[in-house]
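Colleague: Below is the structure I would like to discuss, written out as structure tokens.
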Amino acid sequence: TGRRGPEAMWVRFDEAVAGLNSAIRDSDAAAVADAFGEFAEAAGTLAEAVSEEDGAASSSRERGVA
């Protein structure tokens with residue numbers, strides 16, 4: 001799929017996006033704020049995981065490990 005990082009984190013991200021889309025349809029500002037918070041947290045966690053994978057891959061290449 002081209003999605004880098006752990007599958008479980010992508011599931012959480014997708015759920016956060018769905019929750020955000022649902023909250024935006026309503027007029028409850030608190031629900032929208034909560035949904036944006038969950039989305040931000042899920043995206044941040046996923047970004048950290050991808051960055052860690054990139055760092056591990058880079059270190060392996062530097063050591064000549066495939």
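Simple scheme: letters A, B, ... for chains in structure tokens order, numbers from 1 for residues in each chain, numbers from 1 for ligands in the order shown.
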Could you list, as number ranges by chain, every residue within 12 Å of Ala35 (chain A), counting only C-alpha atoms and ignoring same-chain residues fewer than 6 positions away?
Modeller: A: 13, 15-26, 28-29, 41-42
Colleague: Using all heavy atoms, can you export the residues from the last selection as a CSV table (one decimal), in the first residue's frame?
Modeller:
```
chain,number,residue,atom,x,y,z
A,13,PHE,N,-4.6,5.6,13.0
A,13,PHE,CA,-4.7,6.8,12.2
A,13,PHE,C,-6.0,6.9,11.3
A,13,PHE,O,-6.7,7.9,11.3
A,13,PHE,CB,-3.4,6.9,11.2
A,13,PHE,CG,-3.4,8.1,10.3
A,13,PHE,CD1,-3.0,9.3,10.8
A,13,PHE,CD2,-3.9,8.0,9.0
A,13,PHE,CE1,-2.9,10.4,9.9
A,13,PHE,CE2,-3.9,9.1,8.2
A,13,PHE,CZ,-3.4,10.3,8.6
A,15,GLU,N,-8.8,5.3,11.9
A,15,GLU,CA,-9.9,5.5,12.8
A,15,GLU,C,-10.0,7.0,13.3
A,15,GLU,O,-11.1,7.6,13.4
A,15,GLU,CB,-9.8,4.6,14.0
A,15,GLU,CG,-10.0,3.2,13.7
A,15,GLU,CD,-9.7,2.2,14.8
A,15,GLU,OE1,-9.1,2.6,15.9
A,15,GLU,OE2,-10.0,1.0,14.7
A,16,ALA,N,-8.8,7.6,13.5
A,16,ALA,CA,-8.8,9.0,13.9
A,16,ALA,C,-9.3,9.9,12.8
A,16,ALA,O,-10.1,10.9,13.0
A,16,ALA,CB,-7.4,9.4,14.3
A,17,VAL,N,-9.0,9.6,11.6
A,17,VAL,CA,-9.5,10.4,10.4
A,17,VAL,C,-11.0,10.2,10.3
A,17,VAL,O,-11.7,11.2,10.1
A,17,VAL,CB,-8.8,10.0,9.1
A,17,VAL,CG1,-9.5,10.5,7.9
A,17,VAL,CG2,-7.3,10.4,9.1
A,18,ALA,N,-11.5,9.0,10.4
A,18,ALA,CA,-12.9,8.7,10.4
A,18,ALA,C,-13.6,9.5,11.5
A,18,ALA,O,-14.7,10.1,11.3
A,18,ALA,CB,-13.2,7.2,10.5
A,19,GLY,N,-13.0,9.5,12.7
A,19,GLY,CA,-13.6,10.2,13.8
A,19,GLY,C,-13.7,11.7,13.6
A,19,GLY,O,-14.6,12.4,13.9
A,20,LEU,N,-12.6,12.2,13.0
A,20,LEU,CA,-12.5,13.6,12.7
A,20,LEU,C,-13.6,14.0,11.7
A,20,LEU,O,-14.3,15.0,11.8
A,20,LEU,CB,-11.1,14.0,12.2
A,20,LEU,CG,-10.9,15.4,11.8
A,20,LEU,CD1,-11.2,16.4,13.0
A,20,LEU,CD2,-9.4,15.6,11.4
A,21,ASN,N,-13.7,13.2,10.6
A,21,ASN,CA,-14.7,13.4,9.6
A,21,ASN,C,-16.1,13.4,10.2
A,21,ASN,O,-16.9,14.3,9.8
A,21,ASN,CB,-14.6,12.4,8.5
A,21,ASN,CG,-13.4,12.7,7.6
A,21,ASN,OD1,-12.9,13.8,7.5
A,21,ASN,ND2,-12.9,11.6,6.9
A,22,SER,N,-16.4,12.5,11.1
A,22,SER,CA,-17.7,12.4,11.7
A,22,SER,C,-17.9,13.6,12.6
A,22,SER,O,-19.0,14.2,12.6
A,22,SER,CB,-17.7,11.1,12.6
A,22,SER,OG,-19.0,11.1,13.2
A,23,ALA,N,-16.9,14.0,13.4
A,23,ALA,CA,-17.1,15.2,14.3
A,23,ALA,C,-17.3,16.5,13.5
A,23,ALA,O,-18.1,17.3,14.0
A,23,ALA,CB,-15.8,15.3,15.2
A,24,ILE,N,-16.6,16.6,12.4
A,24,ILE,CA,-16.8,17.8,11.6
A,24,ILE,C,-18.2,18.0,11.1
A,24,ILE,O,-18.7,19.1,11.0
A,24,ILE,CB,-15.7,17.9,10.5
A,24,ILE,CG1,-14.3,18.1,11.1
A,24,ILE,CG2,-16.0,19.0,9.5
A,24,ILE,CD1,-13.2,18.0,10.1
A,25,ARG,N,-18.9,16.9,10.9
A,25,ARG,CA,-20.3,17.0,10.3
A,25,ARG,C,-21.2,17.5,11.4
A,25,ARG,O,-22.3,18.1,11.1
A,25,ARG,CB,-20.7,15.6,9.9
A,25,ARG,CG,-20.2,15.2,8.6
A,25,ARG,CD,-20.8,13.9,8.1
A,25,ARG,NE,-20.5,12.8,9.0
A,25,ARG,CZ,-19.6,11.8,8.6
A,25,ARG,NH1,-19.1,11.8,7.4
A,25,ARG,NH2,-19.4,10.8,9.4
A,26,ASP,N,-20.9,17.4,12.7
A,26,ASP,CA,-21.7,17.9,13.7
A,26,ASP,C,-21.3,19.3,14.1
A,26,ASP,O,-20.4,19.8,13.6
A,26,ASP,CB,-21.6,17.0,15.0
A,26,ASP,CG,-22.1,15.5,14.7
A,26,ASP,OD1,-23.0,15.4,13.9
A,26,ASP,OD2,-21.6,14.6,15.3
A,28,ASP,N,-20.8,20.2,17.3
A,28,ASP,CA,-20.2,20.1,18.7
A,28,ASP,C,-18.7,20.4,18.7
A,28,ASP,O,-17.9,19.6,18.3
A,28,ASP,CB,-20.4,18.7,19.3
A,28,ASP,CG,-20.0,18.6,20.7
A,28,ASP,OD1,-19.3,19.5,21.2
A,28,ASP,OD2,-20.3,17.5,21.3
A,29,ALA,N,-18.4,21.7,19.0
A,29,ALA,CA,-17.0,22.1,19.0
A,29,ALA,C,-16.1,21.3,19.8
A,29,ALA,O,-14.9,21.0,19.4
A,29,ALA,CB,-16.9,23.6,19.4
A,41,GLU,N,-2.4,13.2,17.7
A,41,GLU,CA,-1.6,12.2,18.4
A,41,GLU,C,-1.3,11.0,17.6
A,41,GLU,O,-0.2,10.5,17.6
A,41,GLU,CB,-2.4,11.8,19.7
A,41,GLU,CG,-1.6,10.9,20.6
A,41,GLU,CD,-2.3,10.6,21.9
A,41,GLU,OE1,-2.9,11.5,22.5
A,41,GLU,OE2,-2.2,9.4,22.3
A,42,ALA,N,-2.3,10.5,16.8
A,42,ALA,CA,-2.1,9.3,16.0
A,42,ALA,C,-1.1,9.6,14.9
A,42,ALA,O,-0.2,8.8,14.6
A,42,ALA,CB,-3.4,8.9,15.3
```
Colleague: Find the distance between CA of Gly2 (chain A) and CA of Gly64 (chain A) and write it in Å to one decimal.
Modeller: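 According to the coordinates, CA of Gly2 (chain A) and CA of Gly64 (chain A) are separated by 24.7 Å.
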Colleague: Please determine, counting only C-alpha atoms, which residue among A:Ser27, A:Leu46, A:Val32, A:Gly37 has the shortest atom-to-atom distance to Pro6 (chain A).
Modeller: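 Result for the nearest residue to Pro6 (chain A): A:Leu46.
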Colleague: Which neighbours of Arg4 (chain A) fall inside 10 Å, counting only C-alpha atoms, when residues of the same chain fewer than 5 positions from it are skipped, and could you give them as a ChimeraX atom specification?
Modeller: /A:9-10,46-47,49-51,53-54
Colleague: Quick one, how far is CA of Arg3 (chain A) from CA of Glu52 (chain A)?
Modeller: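 Interatomic distance, CA of Arg3 (chain A) to CA of Glu52 (chain A): 14.6 Å.
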Colleague: Hey, can you check how far CA of Val11 (chain A) sits from CA of Ala43 (chain A)?
Modeller: 11.1 Å
Colleague: Step one, run DSSP on the backbone; step two, keep only residues of chain A assigned to alpha helix (DSSP H); then write them as a compact mmCIF listing (two decimals) with all heavy atoms, in the first residue's frame.
Modeller:
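states-v8.txt, freshly written:
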```txt
# COMPACT_ATOMS: atom_id res chain seq x y z
N GLU A 7 1.41 -1.46 11.00
CA GLU A 7 0.01 -1.55 10.56
C GLU A 7 -0.95 -1.07 11.65
O GLU A 7 -1.91 -0.37 11.36
CB GLU A 7 -0.32 -2.99 10.16
CG GLU A 7 -1.76 -3.20 9.74
CD GLU A 7 -2.15 -2.41 8.48
OE1 GLU A 7 -1.27 -2.14 7.65
OE2 GLU A 7 -3.33 -2.08 8.34
N ALA A 8 -0.68 -1.43 12.91
CA ALA A 8 -1.58 -1.03 14.01
C ALA A 8 -1.67 0.49 14.12
O ALA A 8 -2.74 1.03 14.44
CB ALA A 8 -1.11 -1.64 15.32
N MET A 9 -0.58 1.17 13.84
CA MET A 9 -0.61 2.63 13.91
C MET A 9 -1.40 3.21 12.75
O MET A 9 -2.05 4.25 12.90
CB MET A 9 0.81 3.19 13.95
CG MET A 9 1.50 2.90 15.25
SD MET A 9 3.12 3.67 15.31
CE MET A 9 3.68 3.05 16.88
N TRP A 10 -1.37 2.55 11.59
CA TRP A 10 -2.19 2.99 10.47
C TRP A 10 -3.67 2.77 10.76
O TRP A 10 -4.50 3.60 10.38
CB TRP A 10 -1.77 2.28 9.18
CG TRP A 10 -0.59 2.94 8.56
CD1 TRP A 10 0.69 2.48 8.51
CD2 TRP A 10 -0.56 4.22 7.91
NE1 TRP A 10 1.50 3.39 7.88
CE2 TRP A 10 0.76 4.46 7.49
CE3 TRP A 10 -1.53 5.18 7.64
CZ2 TRP A 10 1.12 5.62 6.82
CZ3 TRP A 10 -1.17 6.33 6.96
CH2 TRP A 10 0.14 6.55 6.57
N VAL A 11 -3.99 1.69 11.43
CA VAL A 11 -5.39 1.45 11.82
C VAL A 11 -5.85 2.57 12.73
O VAL A 11 -6.93 3.15 12.54
CB VAL A 11 -5.55 0.07 12.50
CG1 VAL A 11 -6.92 -0.08 13.12
CG2 VAL A 11 -5.29 -1.05 11.49
N ARG A 12 -5.04 2.92 13.72
CA ARG A 12 -5.39 4.02 14.63
C ARG A 12 -5.53 5.33 13.87
O ARG A 12 -6.47 6.11 14.11
CB ARG A 12 -4.34 4.16 15.72
CG ARG A 12 -4.66 5.26 16.69
CD ARG A 12 -3.63 5.40 17.77
NE ARG A 12 -3.96 6.54 18.62
CZ ARG A 12 -3.07 7.20 19.33
NH1 ARG A 12 -1.81 6.80 19.36
NH2 ARG A 12 -3.43 8.23 20.06
N PHE A 13 -4.62 5.59 12.95
CA PHE A 13 -4.67 6.81 12.15
C PHE A 13 -5.97 6.86 11.34
O PHE A 13 -6.66 7.87 11.32
CB PHE A 13 -3.45 6.88 11.23
CG PHE A 13 -3.43 8.07 10.33
CD1 PHE A 13 -2.95 9.29 10.77
CD2 PHE A 13 -3.90 7.98 9.02
CE1 PHE A 13 -2.94 10.40 9.94
CE2 PHE A 13 -3.89 9.09 8.18
CZ PHE A 13 -3.41 10.29 8.65
N ASP A 14 -6.29 5.76 10.67
CA ASP A 14 -7.51 5.71 9.86
C ASP A 14 -8.76 5.92 10.73
O ASP A 14 -9.69 6.61 10.31
CB ASP A 14 -7.62 4.37 9.13
CG ASP A 14 -6.58 4.23 8.01
OD1 ASP A 14 -6.05 5.26 7.55
OD2 ASP A 14 -6.30 3.08 7.62
N GLU A 15 -8.76 5.34 11.92
CA GLU A 15 -9.88 5.54 12.84
C GLU A 15 -9.97 7.00 13.28
O GLU A 15 -11.07 7.56 13.41
CB GLU A 15 -9.75 4.61 14.04
CG GLU A 15 -10.00 3.15 13.69
CD GLU A 15 -9.68 2.19 14.83
OE1 GLU A 15 -9.12 2.63 15.86
OE2 GLU A 15 -9.99 1.00 14.68
N ALA A 16 -8.81 7.61 13.51
CA ALA A 16 -8.80 9.02 13.91
C ALA A 16 -9.32 9.91 12.79
O ALA A 16 -10.08 10.86 13.04
CB ALA A 16 -7.39 9.45 14.31
N VAL A 17 -8.96 9.60 11.56
CA VAL A 17 -9.46 10.37 10.41
C VAL A 17 -10.98 10.21 10.30
O VAL A 17 -11.71 11.19 10.10
CB VAL A 17 -8.76 9.96 9.10
CG1 VAL A 17 -9.45 10.55 7.88
CG2 VAL A 17 -7.30 10.37 9.14
N ALA A 18 -11.46 8.98 10.45
CA ALA A 18 -12.90 8.73 10.38
C ALA A 18 -13.62 9.48 11.51
O ALA A 18 -14.69 10.08 11.30
CB ALA A 18 -13.20 7.24 10.47
N GLY A 19 -13.04 9.47 12.70
CA GLY A 19 -13.63 10.20 13.83
C GLY A 19 -13.66 11.70 13.59
O GLY A 19 -14.63 12.38 13.92
N LEU A 20 -12.60 12.20 13.01
CA LEU A 20 -12.53 13.63 12.70
C LEU A 20 -13.58 14.00 11.66
O LEU A 20 -14.30 14.99 11.81
CB LEU A 20 -11.13 13.99 12.20
CG LEU A 20 -10.88 15.44 11.83
CD1 LEU A 20 -11.16 16.37 13.00
CD2 LEU A 20 -9.44 15.61 11.36
N ASN A 21 -13.68 13.19 10.61
CA ASN A 21 -14.70 13.45 9.59
C ASN A 21 -16.11 13.43 10.18
O ASN A 21 -16.94 14.27 9.84
CB ASN A 21 -14.59 12.43 8.46
CG ASN A 21 -13.39 12.66 7.59
OD1 ASN A 21 -12.89 13.77 7.48
ND2 ASN A 21 -12.91 11.60 6.95
N SER A 22 -16.36 12.50 11.07
CA SER A 22 -17.66 12.41 11.73
C SER A 22 -17.91 13.63 12.61
O SER A 22 -19.00 14.22 12.59
CB SER A 22 -17.74 11.13 12.55
OG SER A 22 -18.97 11.05 13.23
N ALA A 23 -16.92 14.02 13.39
CA ALA A 23 -17.08 15.16 14.30
C ALA A 23 -17.30 16.46 13.54
O ALA A 23 -18.08 17.31 13.99
CB ALA A 23 -15.84 15.28 15.20
N ILE A 24 -16.64 16.62 12.42
CA ILE A 24 -16.77 17.85 11.64
C ILE A 24 -18.20 18.01 11.11
O ILE A 24 -18.68 19.13 10.96
CB ILE A 24 -15.73 17.88 10.51
CG1 ILE A 24 -14.34 18.10 11.10
CG2 ILE A 24 -16.04 18.96 9.49
CD1 ILE A 24 -13.21 17.96 10.11
N ARG A 25 -18.87 16.90 10.85
CA ARG A 25 -20.25 16.97 10.34
C ARG A 25 -21.21 17.52 11.39
O ARG A 25 -22.26 18.05 11.05
CB ARG A 25 -20.72 15.60 9.89
CG ARG A 25 -20.17 15.18 8.55
CD ARG A 25 -20.84 13.91 8.10
NE ARG A 25 -20.46 12.79 8.95
CZ ARG A 25 -19.64 11.82 8.60
NH1 ARG A 25 -19.12 11.81 7.40
NH2 ARG A 25 -19.35 10.85 9.43
N ALA A 29 -18.39 21.68 19.03
CA ALA A 29 -17.00 22.15 18.96
C ALA A 29 -16.08 21.29 19.82
O ALA A 29 -14.93 21.04 19.44
CB ALA A 29 -16.91 23.61 19.38
N ALA A 30 -16.55 20.84 20.97
CA ALA A 30 -15.71 20.01 21.84
C ALA A 30 -15.38 18.68 21.18
O ALA A 30 -14.25 18.19 21.28
CB ALA A 30 -16.40 19.79 23.18
N ALA A 31 -16.35 18.09 20.50
CA ALA A 31 -16.11 16.83 19.80
C ALA A 31 -15.12 17.02 18.67
O ALA A 31 -14.24 16.17 18.44
CB ALA A 31 -17.42 16.25 19.26
N VAL A 32 -15.21 18.14 17.97
CA VAL A 32 -14.27 18.43 16.88
C VAL A 32 -12.86 18.61 17.47
O VAL A 32 -11.89 18.08 16.94
CB VAL A 32 -14.71 19.67 16.08
CG1 VAL A 32 -13.63 20.09 15.09
CG2 VAL A 32 -16.03 19.40 15.36
N ALA A 33 -12.77 19.33 18.56
CA ALA A 33 -11.46 19.54 19.20
C ALA A 33 -10.87 18.22 19.66
O ALA A 33 -9.67 17.97 19.45
CB ALA A 33 -11.60 20.50 20.38
N ASP A 34 -11.69 17.37 20.28
CA ASP A 34 -11.20 16.05 20.71
C ASP A 34 -10.74 15.23 19.51
O ASP A 34 -9.71 14.54 19.58
CB ASP A 34 -12.29 15.29 21.46
CG ASP A 34 -12.59 15.88 22.83
OD1 ASP A 34 -11.76 16.68 23.34
OD2 ASP A 34 -13.65 15.54 23.39
N ALA A 35 -11.50 15.26 18.43
CA ALA A 35 -11.15 14.49 17.23
C ALA A 35 -9.84 15.00 16.63
O ALA A 35 -8.99 14.20 16.20
CB ALA A 35 -12.27 14.56 16.21
N PHE A 36 -9.66 16.33 16.60
CA PHE A 36 -8.39 16.87 16.11
C PHE A 36 -7.24 16.44 17.01
O PHE A 36 -6.14 16.13 16.53
CB PHE A 36 -8.44 18.40 16.01
CG PHE A 36 -8.84 18.90 14.66
CD1 PHE A 36 -10.07 19.52 14.49
CD2 PHE A 36 -8.01 18.76 13.56
CE1 PHE A 36 -10.45 20.00 13.24
CE2 PHE A 36 -8.38 19.23 12.31
CZ PHE A 36 -9.61 19.85 12.15
N GLY A 37 -7.46 16.40 18.31
CA GLY A 37 -6.43 15.96 19.25
C GLY A 37 -6.03 14.52 19.00
O GLY A 37 -4.84 14.18 18.98
N GLU A 38 -7.01 13.64 18.82
CA GLU A 38 -6.73 12.23 18.55
C GLU A 38 -6.00 12.08 17.22
O GLU A 38 -5.05 11.31 17.11
CB GLU A 38 -8.02 11.41 18.55
CG GLU A 38 -7.83 9.95 18.16
CD GLU A 38 -6.86 9.16 19.03
OE1 GLU A 38 -6.63 9.55 20.20
OE2 GLU A 38 -6.33 8.15 18.54
N PHE A 39 -6.45 12.82 16.21
CA PHE A 39 -5.79 12.77 14.91
C PHE A 39 -4.33 13.20 15.04
O PHE A 39 -3.43 12.54 14.50
CB PHE A 39 -6.53 13.68 13.92
CG PHE A 39 -5.81 13.86 12.63
CD1 PHE A 39 -5.79 12.86 11.68
CD2 PHE A 39 -5.14 15.04 12.36
CE1 PHE A 39 -5.11 13.02 10.48
CE2 PHE A 39 -4.46 15.22 11.17
CZ PHE A 39 -4.45 14.21 10.22
N ALA A 40 -4.08 14.29 15.74
CA ALA A 40 -2.72 14.80 15.91
C ALA A 40 -1.85 13.78 16.64
O ALA A 40 -0.69 13.55 16.26
CB ALA A 40 -2.73 16.12 16.66
N GLU A 41 -2.39 13.17 17.67
CA GLU A 41 -1.63 12.18 18.43
C GLU A 41 -1.32 10.96 17.57
O GLU A 41 -0.19 10.45 17.57
CB GLU A 41 -2.39 11.77 19.69
CG GLU A 41 -1.58 10.89 20.60
CD GLU A 41 -2.30 10.59 21.91
OE1 GLU A 41 -2.91 11.50 22.48
OE2 GLU A 41 -2.24 9.43 22.33
N ALA A 42 -2.31 10.47 16.83
CA ALA A 42 -2.10 9.30 15.97
C ALA A 42 -1.08 9.61 14.88
O ALA A 42 -0.20 8.79 14.59
CB ALA A 42 -3.43 8.86 15.35
N ALA A 43 -1.19 10.78 14.27
CA ALA A 43 -0.24 11.17 13.21
C ALA A 43 1.16 11.33 13.77
O ALA A 43 2.14 10.90 13.15
CB ALA A 43 -0.70 12.47 12.54
N GLY A 44 1.28 11.91 14.95
CA GLY A 44 2.59 12.09 15.57
C GLY A 44 3.25 10.76 15.91
O GLY A 44 4.45 10.57 15.66
N THR A 45 2.48 9.84 16.47
CA THR A 45 3.00 8.52 16.82
C THR A 45 3.46 7.78 15.57
O THR A 45 4.52 7.16 15.55
CB THR A 45 1.93 7.71 17.57
OG1 THR A 45 1.55 8.42 18.75
CG2 THR A 45 2.43 6.33 17.96
N LEU A 46 2.66 7.86 14.53
CA LEU A 46 3.01 7.22 13.27
C LEU A 46 4.27 7.84 12.67
O LEU A 46 5.17 7.13 12.21
CB LEU A 46 1.84 7.32 12.29
CG LEU A 46 2.02 6.64 10.95
CD1 LEU A 46 2.32 5.16 11.10
CD2 LEU A 46 0.77 6.84 10.12
N ALA A 47 4.37 9.15 12.70
CA ALA A 47 5.56 9.83 12.17
C ALA A 47 6.82 9.42 12.93
O ALA A 47 7.88 9.21 12.32
CB ALA A 47 5.37 11.35 12.23
N GLU A 48 6.71 9.29 14.24
CA GLU A 48 7.86 8.86 15.04
C GLU A 48 8.29 7.44 14.66
O GLU A 48 9.48 7.15 14.54
CB GLU A 48 7.53 8.93 16.52
CG GLU A 48 7.44 10.33 17.06
CD GLU A 48 6.98 10.38 18.50
OE1 GLU A 48 6.95 9.33 19.18
OE2 GLU A 48 6.63 11.48 18.96
N ALA A 49 7.31 6.55 14.46
CA ALA A 49 7.62 5.17 14.09
C ALA A 49 8.32 5.11 12.74
O ALA A 49 9.29 4.37 12.56
CB ALA A 49 6.36 4.33 14.09
N VAL A 50 7.83 5.88 11.78
CA VAL A 50 8.45 5.89 10.45
C VAL A 50 9.86 6.47 10.54
O VAL A 50 10.79 5.95 9.91
CB VAL A 50 7.57 6.68 9.45
CG1 VAL A 50 8.31 6.93 8.15
CG2 VAL A 50 6.27 5.93 9.19
N SER A 51 10.04 7.51 11.33
CA SER A 51 11.35 8.10 11.50
C SER A 51 12.33 7.10 12.13
O SER A 51 13.48 7.00 11.71
CB SER A 51 11.25 9.35 12.38
OG SER A 51 12.51 9.93 12.56
N GLU A 52 11.85 6.34 13.11
CA GLU A 52 12.70 5.32 13.73
C GLU A 52 13.07 4.24 12.72
O GLU A 52 14.22 3.79 12.69
CB GLU A 52 11.99 4.70 14.94
CG GLU A 52 11.91 5.63 16.12
CD GLU A 52 11.09 5.05 17.27
OE1 GLU A 52 10.75 3.85 17.24
OE2 GLU A 52 10.79 5.81 18.20
N GLU A 53 12.10 3.83 11.89
CA GLU A 53 12.41 2.85 10.85
C GLU A 53 13.44 3.40 9.87
O GLU A 53 14.35 2.68 9.46
CB GLU A 53 11.14 2.45 10.08
CG GLU A 53 10.23 1.53 10.84
CD GLU A 53 9.02 1.12 10.03
OE1 GLU A 53 8.88 1.52 8.85
OE2 GLU A 53 8.19 0.38 10.58
N ASP A 54 13.29 4.66 9.50
CA ASP A 54 14.25 5.28 8.59
C ASP A 54 15.64 5.30 9.21
O ASP A 54 16.64 5.03 8.54
CB ASP A 54 13.83 6.70 8.23
CG ASP A 54 12.66 6.74 7.27
OD1 ASP A 54 12.27 5.69 6.73
OD2 ASP A 54 12.12 7.85 7.07
N GLY A 55 15.71 5.62 10.49
CA GLY A 55 17.00 5.66 11.18
C GLY A 55 17.64 4.28 11.25
O GLY A 55 18.83 4.13 11.04
N ALA A 56 16.84 3.26 11.51
CA ALA A 56 17.36 1.90 11.57
C ALA A 56 17.84 1.45 10.20
O ALA A 56 18.90 0.82 10.07
CB ALA A 56 16.29 0.95 12.10
N ALA A 57 17.09 1.80 9.16
CA ALA A 57 17.49 1.42 7.80
C ALA A 57 18.77 2.14 7.40
O ALA A 57 19.66 1.56 6.78
CB ALA A 57 16.37 1.75 6.82
N SER A 58 18.87 3.41 7.78
CA SER A 58 20.07 4.18 7.46
C SER A 58 21.29 3.60 8.16
O SER A 58 22.36 3.47 7.57
CB SER A 58 19.86 5.64 7.86
OG SER A 58 21.02 6.40 7.61
N SER A 59 21.12 3.24 9.43
CA SER A 59 22.23 2.65 10.19
C SER A 59 22.67 1.33 9.58
O SER A 59 23.86 1.04 9.50
CB SER A 59 21.82 2.44 11.64
OG SER A 59 21.61 3.66 12.29
N SER A 60 21.70 0.54 9.13
CA SER A 60 22.03 -0.75 8.50
C SER A 60 22.82 -0.53 7.22
O SER A 60 23.78 -1.24 6.94
CB SER A 60 20.75 -1.53 8.20
OG SER A 60 20.12 -1.92 9.38
N ARG A 61 22.40 0.45 6.42
CA ARG A 61 23.11 0.73 5.17
C ARG A 61 24.54 1.21 5.46
O ARG A 61 25.49 0.82 4.75
CB ARG A 61 22.37 1.77 4.35
CG ARG A 61 21.17 1.22 3.61
CD ARG A 61 20.63 2.22 2.61
NE ARG A 61 20.24 3.50 3.20
CZ ARG A 61 19.06 3.77 3.70
NH1 ARG A 61 18.11 2.86 3.71
NH2 ARG A 61 18.80 4.97 4.18
N GLU A 62 24.70 2.02 6.49
CA GLU A 62 26.03 2.52 6.83
C GLU A 62 26.95 1.41 7.28
O GLU A 62 28.15 1.44 7.04
CB GLU A 62 25.92 3.59 7.93
CG GLU A 62 25.31 4.90 7.43
CD GLU A 62 25.02 5.86 8.56
OE1 GLU A 62 25.36 5.57 9.73
OE2 GLU A 62 24.45 6.93 8.27
N ARG A 63 26.38 0.38 7.93
CA ARG A 63 27.17 -0.75 8.39
C ARG A 63 27.33 -1.80 7.29
O ARG A 63 28.01 -2.78 7.47
CB ARG A 63 26.53 -1.40 9.61
CG ARG A 63 26.59 -0.54 10.86
CD ARG A 63 26.16 -1.32 12.11
NE ARG A 63 24.97 -2.13 11.93
CZ ARG A 63 23.71 -1.75 12.19
NH1 ARG A 63 23.50 -0.55 12.65
NH2 ARG A 63 22.70 -2.56 12.03
```
